[in-house]
Amino acid sequence: MTKKTFIISSLLLAQAIALPNALAAKTIEACENKKTTDVDFSRCLDSVKDEADRVLQTWINNQTFILEEIGINPALMMFNRSQRDFVTFRQNNCRWRYLLLSPSTKAAPAYKKCYVETTQSRIKELSLIDNDY
């Protein structure tokens, strides 16, 4: 890994680590603890969902940058495909939970909770990749 790659990867990693810590109160558990209605819970989950998306995008950008830097185009293409497939999986996996509870007011929070948990799982997966190529 070149010095430039290492520096940029380190900055992206630091940002991904710092963001969740800065907004530690914005977790599913925090939303569950302060919910008064299903609508309030759903709104709270919106901010958790947005934060999870931002952190995931940081990890995607980091991995994409590394794969571009080392020039392994087939790996980059497969990574991009896996990310598209992950998005499709996440949507379908969470939609069936939504449909199971629909038209209840618990349907939207169930979808968002599933979305956040699945996104966090992907973040963990990407964070474990050994980029010592």
# chains A, B, ... in the order shown; residues from 1 in each chain; ligands from 1
>>> residues_around(residues="Glu68 in chain A", least_positions_apart="5", cutoff="12 Å", atoms="only C-alpha atoms", output="count of residues only")
12
>>> residues_around(residues="Pro109 in chain A", least_positions_apart="3", cutoff="9 Å", atoms="only C-alpha atoms", output="PDB file with N, CA and C atoms, in the first residue's frame")
ATOM      1  N   ASP A  38     -45.437   5.046  18.205  1.00  0.00           N
ATOM      2  CA  ASP A  38     -44.794   4.385  17.066  1.00  0.00           C
ATOM      3  C   ASP A  38     -44.306   5.409  16.047  1.00  0.00           C
ATOM      4  N   VAL A  39     -45.033   6.498  15.902  1.00  0.00           N
ATOM      5  CA  VAL A  39     -44.629   7.558  14.965  1.00  0.00           C
ATOM      6  C   VAL A  39     -43.330   8.213  15.443  1.00  0.00           C
ATOM      7  N   PHE A  41     -41.068   6.852  17.366  1.00  0.00           N
ATOM      8  CA  PHE A  41     -40.041   5.828  17.215  1.00  0.00           C
ATOM      9  C   PHE A  41     -39.565   5.766  15.772  1.00  0.00           C
ATOM     10  N   SER A  42     -40.506   5.833  14.835  1.00  0.00           N
ATOM     11  CA  SER A  42     -40.170   5.802  13.413  1.00  0.00           C
ATOM     12  C   SER A  42     -39.326   7.013  13.016  1.00  0.00           C
ATOM     13  N   ARG A  43     -39.678   8.181  13.520  1.00  0.00           N
ATOM     14  CA  ARG A  43     -38.903   9.403  13.224  1.00  0.00           C
ATOM     15  C   ARG A  43     -37.489   9.301  13.786  1.00  0.00           C
ATOM     16  N   LEU A  45     -35.841   6.572  14.330  1.00  0.00           N
ATOM     17  CA  LEU A  45     -35.115   5.600  13.520  1.00  0.00           C
ATOM     18  C   LEU A  45     -34.637   6.186  12.198  1.00  0.00           C
ATOM     19  N   ASP A  46     -35.343   7.205  11.685  1.00  0.00           N
ATOM     20  CA  ASP A  46     -34.897   7.871  10.455  1.00  0.00           C
ATOM     21  C   ASP A  46     -33.482   8.422  10.618  1.00  0.00           C
ATOM     22  N   TYR A  98     -41.909  -5.434   6.689  1.00  0.00           N
ATOM     23  CA  TYR A  98     -42.867  -4.325   6.605  1.00  0.00           C
ATOM     24  C   TYR A  98     -44.245  -4.860   6.206  1.00  0.00           C
ATOM     25  N   THR A 105     -49.093   0.606  12.510  1.00  0.00           N
ATOM     26  CA  THR A 105     -48.089   1.668  12.649  1.00  0.00           C
ATOM     27  C   THR A 105     -46.736   1.097  13.065  1.00  0.00           C
ATOM     28  N   LYS A 106     -46.677  -0.187  13.349  1.00  0.00           N
ATOM     29  CA  LYS A 106     -45.416  -0.846  13.695  1.00  0.00           C
ATOM     30  C   LYS A 106     -44.645  -1.279  12.446  1.00  0.00           C
ATOM     31  N   LYS A 112     -37.392   0.009   9.237  1.00  0.00           N
ATOM     32  CA  LYS A 112     -36.220   0.839   9.521  1.00  0.00           C
ATOM     33  C   LYS A 112     -35.245   0.141  10.458  1.00  0.00           C
ATOM     34  N   LYS A 113     -35.773  -0.564  11.420  1.00  0.00           N
ATOM     35  CA  LYS A 113     -34.912  -1.301  12.345  1.00  0.00           C
ATOM     36  C   LYS A 113     -34.150  -2.391  11.579  1.00  0.00           C
ATOM     37  N   CYS A 114     -34.834  -3.122  10.720  1.00  0.00           N
ATOM     38  CA  CYS A 114     -34.195  -4.132   9.883  1.00  0.00           C
ATOM     39  C   CYS A 114     -33.129  -3.499   8.999  1.00  0.00           C
TER      40      CYS A 114
END
>>> decode(residues="range 26-108 of chain A", atoms="C-alpha atoms", output="JSON list (two decimals), in the first residue's frame")
[["chain", "number", "residue", "atom", "x", "y", "z"],
["A", 26, "LYS", "CA", -28.55, 7.79, 18.03],
["A", 27, "THR", "CA", -28.96, 4.04, 18.21],
["A", 28, "ILE", "CA", -31.93, 1.75, 17.92],
["A", 29, "GLU", "CA", -31.76, 1.25, 21.67],
["A", 30, "ALA", "CA", -31.80, 5.01, 22.32],
["A", 31, "CYS", "CA", -34.87, 5.31, 20.12],
["A", 32, "GLU", "CA", -36.57, 2.45, 21.93],
["A", 33, "ASN", "CA", -35.83, 4.04, 25.30],
["A", 34, "LYS", "CA", -37.30, 7.43, 24.43],
["A", 35, "LYS", "CA", -40.22, 6.42, 22.22],
["A", 36, "THR", "CA", -43.64, 7.59, 23.23],
["A", 37, "THR", "CA", -45.52, 6.54, 20.10],
["A", 38, "ASP", "CA", -44.79, 4.39, 17.07],
["A", 39, "VAL", "CA", -44.63, 7.56, 14.97],
["A", 40, "ASP", "CA", -41.99, 9.08, 17.29],
["A", 41, "PHE", "CA", -40.04, 5.83, 17.21],
["A", 42, "SER", "CA", -40.17, 5.80, 13.41],
["A", 43, "ARG", "CA", -38.90, 9.40, 13.22],
["A", 44, "CYS", "CA", -36.07, 8.62, 15.62],
["A", 45, "LEU", "CA", -35.11, 5.60, 13.52],
["A", 46, "ASP", "CA", -34.90, 7.87, 10.46],
["A", 47, "SER", "CA", -31.87, 9.63, 11.95],
["A", 48, "VAL", "CA", -30.27, 6.31, 12.94],
["A", 49, "LYS", "CA", -30.88, 5.01, 9.41],
["A", 50, "ASP", "CA", -29.33, 8.12, 7.84],
["A", 51, "GLU", "CA", -26.26, 7.82, 10.07],
["A", 52, "ALA", "CA", -25.84, 4.14, 9.22],
["A", 53, "ASP", "CA", -26.02, 5.01, 5.51],
["A", 54, "ARG", "CA", -23.32, 7.69, 5.93],
["A", 55, "VAL", "CA", -20.98, 5.32, 7.74],
["A", 56, "LEU", "CA", -21.58, 2.56, 5.18],
["A", 57, "GLN", "CA", -20.84, 4.97, 2.34],
["A", 58, "THR", "CA", -17.53, 5.86, 4.01],
["A", 59, "TRP", "CA", -16.54, 2.20, 4.09],
["A", 60, "ILE", "CA", -17.64, 1.70, 0.48],
["A", 61, "ASN", "CA", -15.62, 4.73, -0.62],
["A", 62, "ASN", "CA", -12.60, 3.44, 1.28],
["A", 63, "GLN", "CA", -12.74, -0.01, -0.27],
["A", 64, "THR", "CA", -13.37, 1.41, -3.75],
["A", 65, "PHE", "CA", -10.40, 3.76, -3.40],
["A", 66, "ILE", "CA", -8.11, 0.93, -2.30],
["A", 67, "LEU", "CA", -9.20, -1.33, -5.16],
["A", 68, "GLU", "CA", -8.73, 1.52, -7.67],
["A", 69, "GLU", "CA", -5.31, 2.34, -6.20],
["A", 70, "ILE", "CA", -4.00, -1.20, -6.50],
["A", 71, "GLY", "CA", -5.55, -1.55, -9.96],
["A", 72, "ILE", "CA", -7.36, -4.86, -9.68],
["A", 73, "ASN", "CA", -10.29, -4.03, -11.95],
["A", 74, "PRO", "CA", -12.02, -7.46, -11.76],
["A", 75, "ALA", "CA", -12.03, -7.20, -7.95],
["A", 76, "LEU", "CA", -13.40, -3.65, -8.14],
["A", 77, "MET", "CA", -16.13, -4.71, -10.55],
["A", 78, "MET", "CA", -17.07, -7.63, -8.29],
["A", 79, "PHE", "CA", -17.06, -5.39, -5.20],
["A", 80, "ASN", "CA", -19.40, -2.95, -6.96],
["A", 81, "ARG", "CA", -21.67, -5.84, -7.95],
["A", 82, "SER", "CA", -21.67, -7.17, -4.39],
["A", 83, "GLN", "CA", -22.67, -3.75, -3.11],
["A", 84, "ARG", "CA", -25.55, -3.51, -5.59],
["A", 85, "ASP", "CA", -26.63, -7.02, -4.58],
["A", 86, "PHE", "CA", -26.41, -6.07, -0.92],
["A", 87, "VAL", "CA", -28.73, -3.09, -1.47],
["A", 88, "THR", "CA", -31.25, -5.34, -3.26],
["A", 89, "PHE", "CA", -31.01, -7.95, -0.50],
["A", 90, "ARG", "CA", -31.46, -5.33, 2.23],
["A", 91, "GLN", "CA", -34.53, -3.86, 0.54],
["A", 92, "ASN", "CA", -36.20, -7.23, 0.03],
["A", 93, "ASN", "CA", -35.22, -8.58, 3.43],
["A", 94, "CYS", "CA", -36.74, -5.58, 5.19],
["A", 95, "ARG", "CA", -39.78, -5.22, 2.91],
["A", 96, "TRP", "CA", -41.22, -8.59, 3.85],
["A", 97, "ARG", "CA", -41.07, -7.54, 7.50],
["A", 98, "TYR", "CA", -42.87, -4.33, 6.60],
["A", 99, "LEU", "CA", -45.54, -6.20, 4.67],
["A", 100, "LEU", "CA", -46.00, -8.68, 7.50],
["A", 101, "LEU", "CA", -47.04, -5.86, 9.86],
["A", 102, "SER", "CA", -48.74, -3.58, 7.36],
["A", 103, "PRO", "CA", -51.04, -1.58, 7.81],
["A", 104, "SER", "CA", -50.07, -1.37, 11.48],
["A", 105, "THR", "CA", -48.09, 1.67, 12.65],
["A", 106, "LYS", "CA", -45.42, -0.85, 13.69],
["A", 107, "ALA", "CA", -44.65, -1.66, 10.03],
["A", 108, "ALA", "CA", -42.45, 1.37, 9.24]]
